[in-house]
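Engineer: Next comes the structure file run10.pdb, holding PDB, C-alpha atoms and all ligand atoms.
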```pdb
ATOM      1  CA  MET A   1       0.000   0.000   0.000
ATOM      2  CA  VAL A   2       1.164   3.523  -0.672
ATOM      3  CA  THR A   3      -0.144   6.836   0.548
ATOM      4  CA  VAL A   4      -0.559   9.637  -1.903
ATOM      5  CA  VAL A   5      -1.504  13.204  -1.250
ATOM      6  CA  ILE A   6      -4.360  14.330  -3.412
ATOM      7  CA  ARG A   7      -4.470  18.030  -4.220
ATOM      8  CA  ALA A   8      -7.476  18.958  -6.245
ATOM      9  CA  PRO A   9      -9.950  21.754  -6.748
ATOM     10  CA  THR A  10     -12.620  21.821  -4.091
ATOM     11  CA  LEU A  11     -15.323  19.265  -4.644
ATOM     12  CA  ASN A  12     -18.171  20.639  -6.652
ATOM     13  CA  THR A  13     -20.958  19.173  -4.596
ATOM     14  CA  PRO A  14     -24.532  20.515  -4.845
ATOM     15  CA  GLY A  15     -24.898  23.652  -2.841
ATOM     16  CA  HIS A  16     -21.187  24.209  -2.763
ATOM     17  CA  VAL A  17     -19.847  27.067  -4.786
ATOM     18  CA  VAL A  18     -16.456  26.442  -6.316
ATOM     19  CA  VAL A  19     -14.178  29.282  -5.421
ATOM     20  CA  PRO A  20     -11.469  29.712  -8.047
ATOM     21  CA  GLY A  21      -8.084  28.966  -6.580
ATOM     22  CA  GLU A  22      -9.497  27.052  -3.624
ATOM     23  CA  PHE A  23      -7.986  23.618  -3.153
ATOM     24  CA  TYR A  24      -8.294  20.868  -0.672
ATOM     25  CA  GLU A  25      -5.616  18.440   0.255
ATOM     26  CA  ARG A  26      -6.063  15.043   1.782
ATOM     27  CA  GLU A  27      -4.201  11.817   2.072
ATOM     28  CA  LYS A  28      -5.556   8.756   0.445
ATOM     29  CA  THR A  29      -4.278   5.221   0.663
ATOM     30  CA  VAL A  30      -4.383   3.455  -2.667
ATOM     31  CA  SER A  31      -3.536  -0.109  -3.498
ATOM     32  CA  LEU A  32      -0.982  -0.889  -6.153
ATOM     33  CA  GLU A  33      -1.421  -4.537  -5.308
ATOM     34  CA  VAL A  34      -4.035  -5.509  -7.831
ATOM     35  CA  VAL A  35      -3.678  -8.611  -9.987
ATOM     36  CA  GLU A  36      -3.330  -7.339 -13.541
ATOM     37  CA  ALA A  37      -1.471  -8.060 -16.760
ATOM     38  CA  ASP A  38       2.339  -7.907 -16.762
ATOM     39  CA  LYS A  39       2.694  -8.094 -12.986
ATOM     40  CA  VAL A  40       4.306 -10.935 -11.096
ATOM     41  CA  ILE A  41       1.766 -12.473  -8.745
ATOM     42  CA  LEU A  42       2.650 -14.675  -5.797
ATOM     43  CA  ILE A  43      -0.001 -17.167  -4.787
ATOM     44  CA  HIS A  44      -0.435 -19.954  -2.321
ATOM     45  CA  TYR A  45      -2.828 -22.564  -3.606
ATOM     46  CA  THR A  46      -4.217 -25.979  -2.902
ATOM     47  CA  LEU A  47      -5.655 -27.849  -5.859
ATOM     48  CA  THR A  48      -8.326 -30.479  -5.295
ATOM     49  CA  ASP A  49     -10.489 -32.537  -7.632
ATOM     50  CA  ASP A  50     -14.249 -33.158  -7.394
ATOM     51  CA  GLU A  51     -13.677 -35.830  -4.758
ATOM     52  CA  GLY A  52     -11.714 -33.414  -2.566
ATOM     53  CA  THR A  53      -8.431 -35.217  -3.163
ATOM     54  CA  VAL A  54      -5.485 -32.838  -2.929
ATOM     55  CA  LEU A  55      -3.651 -32.965  -6.261
ATOM     56  CA  ASP A  56      -1.093 -30.249  -5.631
ATOM     57  CA  SER A  57      -0.325 -27.566  -3.100
ATOM     58  CA  SER A  58       2.150 -24.717  -2.862
ATOM     59  CA  ARG A  59       2.282 -25.356   0.870
ATOM     60  CA  ASP A  60       4.030 -28.703   0.343
ATOM     61  CA  ASP A  61       7.771 -29.050   0.780
ATOM     62  CA  GLU A  62       9.381 -25.644   1.294
ATOM     63  CA  GLY A  63       6.000 -23.956   1.379
ATOM     64  CA  GLU A  64       7.047 -21.086  -0.862
ATOM     65  CA  PRO A  65       4.378 -19.297  -2.870
ATOM     66  CA  LEU A  66       4.174 -19.807  -6.614
ATOM     67  CA  PRO A  67       5.211 -16.783  -8.697
ATOM     68  CA  TYR A  68       3.631 -16.315 -12.127
ATOM     69  CA  LEU A  69       3.441 -13.521 -14.673
ATOM     70  CA  HIS A  70      -0.190 -12.495 -15.041
ATOM     71  CA  GLY A  71      -1.553 -12.485 -18.581
ATOM     72  CA  HIS A  72       1.162 -14.741 -20.013
ATOM     73  CA  GLN A  73      -0.493 -18.164 -19.742
ATOM     74  CA  ASN A  74       1.855 -19.321 -17.006
ATOM     75  CA  ILE A  75      -1.126 -20.894 -15.244
ATOM     76  CA  VAL A  76      -4.301 -22.510 -16.579
ATOM     77  CA  PRO A  77      -6.670 -19.990 -18.233
ATOM     78  CA  GLY A  78      -9.551 -20.529 -15.805
ATOM     79  CA  LEU A  79      -7.396 -19.764 -12.778
ATOM     80  CA  GLU A  80      -5.809 -16.732 -14.410
ATOM     81  CA  ALA A  81      -9.259 -15.338 -15.249
ATOM     82  CA  GLY A  82     -10.476 -15.987 -11.704
ATOM     83  CA  LEU A  83      -7.593 -14.024 -10.203
ATOM     84  CA  ASP A  84      -7.803 -11.031 -12.521
ATOM     85  CA  GLY A  85      -8.560  -7.833 -10.627
ATOM     86  CA  LYS A  86      -8.207  -9.444  -7.195
ATOM     87  CA  LYS A  87      -5.914  -7.955  -4.540
ATOM     88  CA  VAL A  88      -3.165  -8.988  -2.195
ATOM     89  CA  GLY A  89      -4.670 -10.676   0.824
ATOM     90  CA  ASP A  90      -7.711 -11.959  -1.067
ATOM     91  CA  LYS A  91      -8.587 -15.593  -0.489
ATOM     92  CA  LEU A  92     -10.881 -17.281  -2.938
ATOM     93  CA  VAL A  93     -11.889 -20.573  -4.460
ATOM     94  CA  VAL A  94     -11.685 -20.771  -8.250
ATOM     95  CA  ASP A  95     -13.465 -23.668  -9.946
ATOM     96  CA  VAL A  96     -12.067 -24.467 -13.367
ATOM     97  CA  ALA A  97     -13.790 -26.628 -15.991
ATOM     98  CA  PRO A  98     -11.537 -29.012 -17.968
ATOM     99  CA  GLU A  99     -11.665 -26.844 -21.089
ATOM    100  CA  ASP A 100     -10.291 -23.897 -19.066
ATOM    101  CA  GLY A 101      -7.853 -26.160 -17.244
ATOM    102  CA  TYR A 102      -5.725 -28.954 -18.650
ATOM    103  CA  GLY A 103      -8.075 -29.788 -21.492
ATOM    104  CA  VAL A 104     -10.728 -32.345 -22.229
ATOM    105  CA  ARG A 105      -9.508 -35.933 -22.067
ATOM    106  CA  HIS A 106      -9.461 -37.761 -25.385
ATOM    107  CA  ASP A 107      -9.668 -41.508 -25.828
ATOM    108  CA  GLU A 108      -6.453 -42.243 -27.646
ATOM    109  CA  PRO A 109      -4.613 -44.812 -25.540
ATOM    110  CA  PRO A 110      -1.022 -44.170 -24.417
ATOM    111  CA  GLN A 111       1.490 -45.133 -27.088
ATOM    112  CA  PRO A 112       4.318 -47.592 -26.320
ATOM    113  CA  VAL A 113       7.849 -46.344 -26.961
ATOM    114  CA  PRO A 114      10.991 -48.439 -26.355
ATOM    115  CA  ARG A 115      12.966 -47.356 -23.280
ATOM    116  CA  GLU A 116      16.096 -47.086 -25.406
ATOM    117  CA  ALA A 117      14.549 -44.149 -27.296
ATOM    118  CA  PHE A 118      15.149 -42.054 -24.150
ATOM    119  CA  PRO A 119      18.500 -40.804 -22.924
ATOM    120  CA  GLU A 120      20.315 -43.177 -20.613
ATOM    121  CA  GLY A 121      20.402 -42.231 -16.978
ATOM    122  CA  VAL A 122      17.102 -40.381 -17.111
ATOM    123  CA  GLU A 123      14.761 -41.866 -14.575
ATOM    124  CA  LEU A 124      11.349 -42.149 -16.206
ATOM    125  CA  GLU A 125       8.381 -41.729 -13.934
ATOM    126  CA  PRO A 126       4.656 -41.282 -14.498
ATOM    127  CA  GLU A 127       3.589 -37.666 -15.155
ATOM    128  CA  MET A 128       7.029 -36.630 -16.433
ATOM    129  CA  SER A 129       6.595 -34.673 -19.617
ATOM    130  CA  PHE A 130       8.562 -34.308 -22.823
ATOM    131  CA  PHE A 131       8.172 -32.547 -26.097
ATOM    132  CA  VAL A 132       8.192 -34.754 -29.171
ATOM    133  CA  GLU A 133       7.903 -33.792 -32.790
ATOM    134  CA  ALA A 134       4.570 -34.537 -34.422
ATOM    135  CA  PRO A 135       4.413 -35.692 -38.070
ATOM    136  CA  ASN A 136       3.646 -32.067 -39.052
ATOM    137  CA  GLY A 137       6.847 -30.932 -37.361
ATOM    138  CA  GLN A 138       5.108 -29.211 -34.464
ATOM    139  CA  PRO A 139       6.272 -29.911 -30.910
ATOM    140  CA  VAL A 140       3.715 -31.852 -28.898
ATOM    141  CA  GLN A 141       3.837 -32.272 -25.150
ATOM    142  CA  VAL A 142       3.538 -35.885 -24.024
ATOM    143  CA  PHE A 143       3.357 -37.368 -20.561
ATOM    144  CA  VAL A 144       4.684 -40.636 -19.207
ATOM    145  CA  ALA A 145       1.614 -42.708 -18.383
ATOM    146  CA  SER A 146       3.464 -45.802 -17.171
ATOM    147  CA  VAL A 147       6.774 -47.625 -17.465
ATOM    148  CA  GLU A 148       6.760 -51.387 -17.959
ATOM    149  CA  ASP A 149      10.146 -53.072 -18.215
ATOM    150  CA  ASP A 150      11.636 -51.789 -21.465
ATOM    151  CA  VAL A 151       8.543 -49.999 -22.679
ATOM    152  CA  VAL A 152       7.433 -46.467 -21.835
ATOM    153  CA  PHE A 153       3.794 -45.533 -22.470
ATOM    154  CA  LEU A 154       3.359 -41.934 -23.587
ATOM    155  CA  ASP A 155       0.051 -40.115 -23.367
ATOM    156  CA  THR A 156      -0.830 -36.828 -25.036
ATOM    157  CA  ASN A 157      -3.463 -36.236 -22.337
ATOM    158  CA  HIS A 158      -2.205 -34.069 -19.503
ATOM    159  CA  PRO A 159      -2.491 -36.102 -16.285
ATOM    160  CA  LEU A 160      -5.165 -33.632 -15.131
ATOM    161  CA  ALA A 161      -7.040 -33.517 -18.460
ATOM    162  CA  GLY A 162     -10.773 -34.042 -18.075
ATOM    163  CA  LYS A 163     -10.771 -32.954 -14.438
ATOM    164  CA  THR A 164     -12.671 -30.052 -12.960
ATOM    165  CA  LEU A 165     -10.120 -28.240 -10.820
ATOM    166  CA  HIS A 166     -10.797 -26.494  -7.545
ATOM    167  CA  PHE A 167      -8.137 -23.994  -6.550
ATOM    168  CA  ASP A 168      -8.173 -22.663  -3.010
ATOM    169  CA  VAL A 169      -6.018 -19.586  -3.520
ATOM    170  CA  GLU A 170      -4.517 -16.827  -1.428
ATOM    171  CA  ILE A 171      -2.859 -13.886  -3.173
ATOM    172  CA  VAL A 172       0.225 -13.180  -1.100
ATOM    173  CA  GLY A 173       2.070 -10.665  -3.261
ATOM    174  CA  VAL A 174       2.135  -8.543  -6.390
ATOM    175  CA  ARG A 175       5.291  -6.964  -7.756
ATOM    176  CA  GLU A 176       6.506  -5.261 -10.886
ATOM    177  CA  PRO A 177       8.356  -7.591 -13.270
ATOM    178  CA  HIS A 178      12.031  -7.184 -14.139
ATOM    179  CA  PRO A 179      12.520  -6.387 -17.837
ATOM    180  CA  SER A 180      13.962  -9.852 -18.512
ATOM    181  CA  GLU A 181      10.898 -11.473 -16.985
ATOM    182  CA  LEU A 182       8.590  -9.572 -19.307
ATOM    183  CA  GLU A 183      10.828 -10.496 -22.218
ATOM    184  CA  HIS A 184      10.719 -14.191 -21.314
ATOM    185  CA  GLY A 185       7.065 -14.198 -20.359
ATOM    186  CA  HIS A 186       7.628 -15.793 -16.941
ATOM    187  CA  PRO A 187       8.996 -14.818 -13.547
ATOM    188  CA  HIS A 188      12.511 -15.591 -12.389
ATOM    189  CA  GLY A 189      11.776 -16.629  -8.861
ATOM    190  CA  ILE A 190       9.947 -14.927  -6.056
ATOM    191  CA  GLU A 191      12.168 -11.838  -6.058
ATOM    192  CA  GLY A 192      12.874 -11.937  -9.771
ATOM    193  CA  GLY A 193      16.634 -12.041  -9.395
ATOM    194  CA  GLU A 194      17.224 -15.632 -10.468
ATOM    195  CA  HIS A 195      19.337 -15.757 -13.580
ATOM    196  CA  HIS A 196      19.070 -18.324 -16.277
ATOM    197  CA  HIS A 197      19.450 -18.706 -20.011
ATOM    198  CA  HIS A 198      16.998 -19.838 -22.617
TER     199      HIS A 198
HETATM  200 ZN    ZN B   1      13.282 -16.741 -18.275
END
```
Would you write out, as structure tokens, the structure that this file holds?
Ligand code: ZN
Structural biologist:
Amino acid sequence: MVTVVIRAPTLNTPGHVVVPGEFYEREKTVSLEVVEADKVILIHYTLTDDEGTVLDSSRDDEGEPLPYLHGHQNIVPGLEAGLDGKKVGDKLVVDVAPEDGYGVRHDEPPQPVPREAFPEGVELEPEMSFFVEAPNGQPVQVFVASVEDDVVFLDTNHPLAGKTLHFDVEIVGVREPHPSELEHGHPHGIEGGEHHHH
């Protein structure tokens, strides 16, 4: 929060005659902590499915909030829309339909790929994701569905595709982005000072 001093001509309320040159001054506290495009937002969230099962939470492990750059598709569209215009300190539940979340699940079964097609030494676990090249040359994100002996099953469904998502969110911070964060379209850590190369 910041305090600004407002200096303006006297209010022209009914019955009040504006005297030229007459001003009033008052202090007003305004919030610069609104969730809007091109700001880095810090959120704590717990994600549950329709059954109430916790799928993910920022309060796990280190318990650090998740930073994201608002308006840059860092998070699922339904959650981003639900947070737009909210303020630091707001707590809310955002329900996200599959089409505004991780997509509608399609029926194509996971495709088997020999283990040897993957780099050696990489431990393959369910839900890991990779980008592979589709026949049209476009990169497609695939997810490890299961690993059976020498065969890895790859699914183009996101593990959370088809699920209605319930985000219990608290907005814990809003800050201006560093220029490199805007350029990259994502935040570089909570403070923005983490360096990396693309
Ligand atoms: Zn970056």
Engineer: Can you turn the PyMOL selection byres (((chain A and resi 139-145) around 12) and not hetatm) into a concrete residue list for this file, as a ChimeraX atom specification?
Structural biologist: /A:109-113,115,118,123-138,146-148,151-161
Engineer: Between CA of Asp61 in chain A and CA of Thr46 in chain A, what is the distance in Å, rounded to a tenth?
Structural biologist: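 For CA of Asp61 in chain A relative to CA of Thr46 in chain A, the distance reads 12.9 Å.
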Engineer: Do you have, as a Markdown table, the list of residues of chain A lying at most 8 Å from ligand ZN 1 (chain B), each with its nearest atom pair and that distance in Å to one decimal, counting all atoms listed in the file and ordered by chain then number?
Structural biologist:
```
| residue | atom | partner | partner_atom | distance |
| --- | --- | --- | --- | --- |
| A:Ser180 | CA | B:ZN1 | ZN | 6.9 |
| A:Glu181 | CA | B:ZN1 | ZN | 5.9 |
| A:Glu183 | CA | B:ZN1 | ZN | 7.8 |
| A:His184 | CA | B:ZN1 | ZN | 4.7 |
| A:Gly185 | CA | B:ZN1 | ZN | 7.0 |
| A:His186 | CA | B:ZN1 | ZN | 5.9 |
| A:Pro187 | CA | B:ZN1 | ZN | 6.7 |
| A:His188 | CA | B:ZN1 | ZN | 6.0 |
| A:His195 | CA | B:ZN1 | ZN | 7.7 |
| A:His196 | CA | B:ZN1 | ZN | 6.3 |
| A:His197 | CA | B:ZN1 | ZN | 6.7 |
| A:His198 | CA | B:ZN1 | ZN | 6.5 |
```
Engineer: Tell me which protein, DNA and RNA residues are within 8 Å of Lys91 in chain A, counting all atoms listed in the file, leaving out same-chain ones fewer than 5 positions away, and put them as a ChimeraX atom specification.
Structural biologist: /A:168-171
Engineer: Select, from A:Glu176, A:Asp95, A:Glu116, A:Glu108, the residue with the minimum atom-to-atom distance to Thr48 in chain A, counting only C-alpha atoms.
Structural biologist: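 Checking each candidate against Thr48 in chain A, we get A:Asp95 as the closest.
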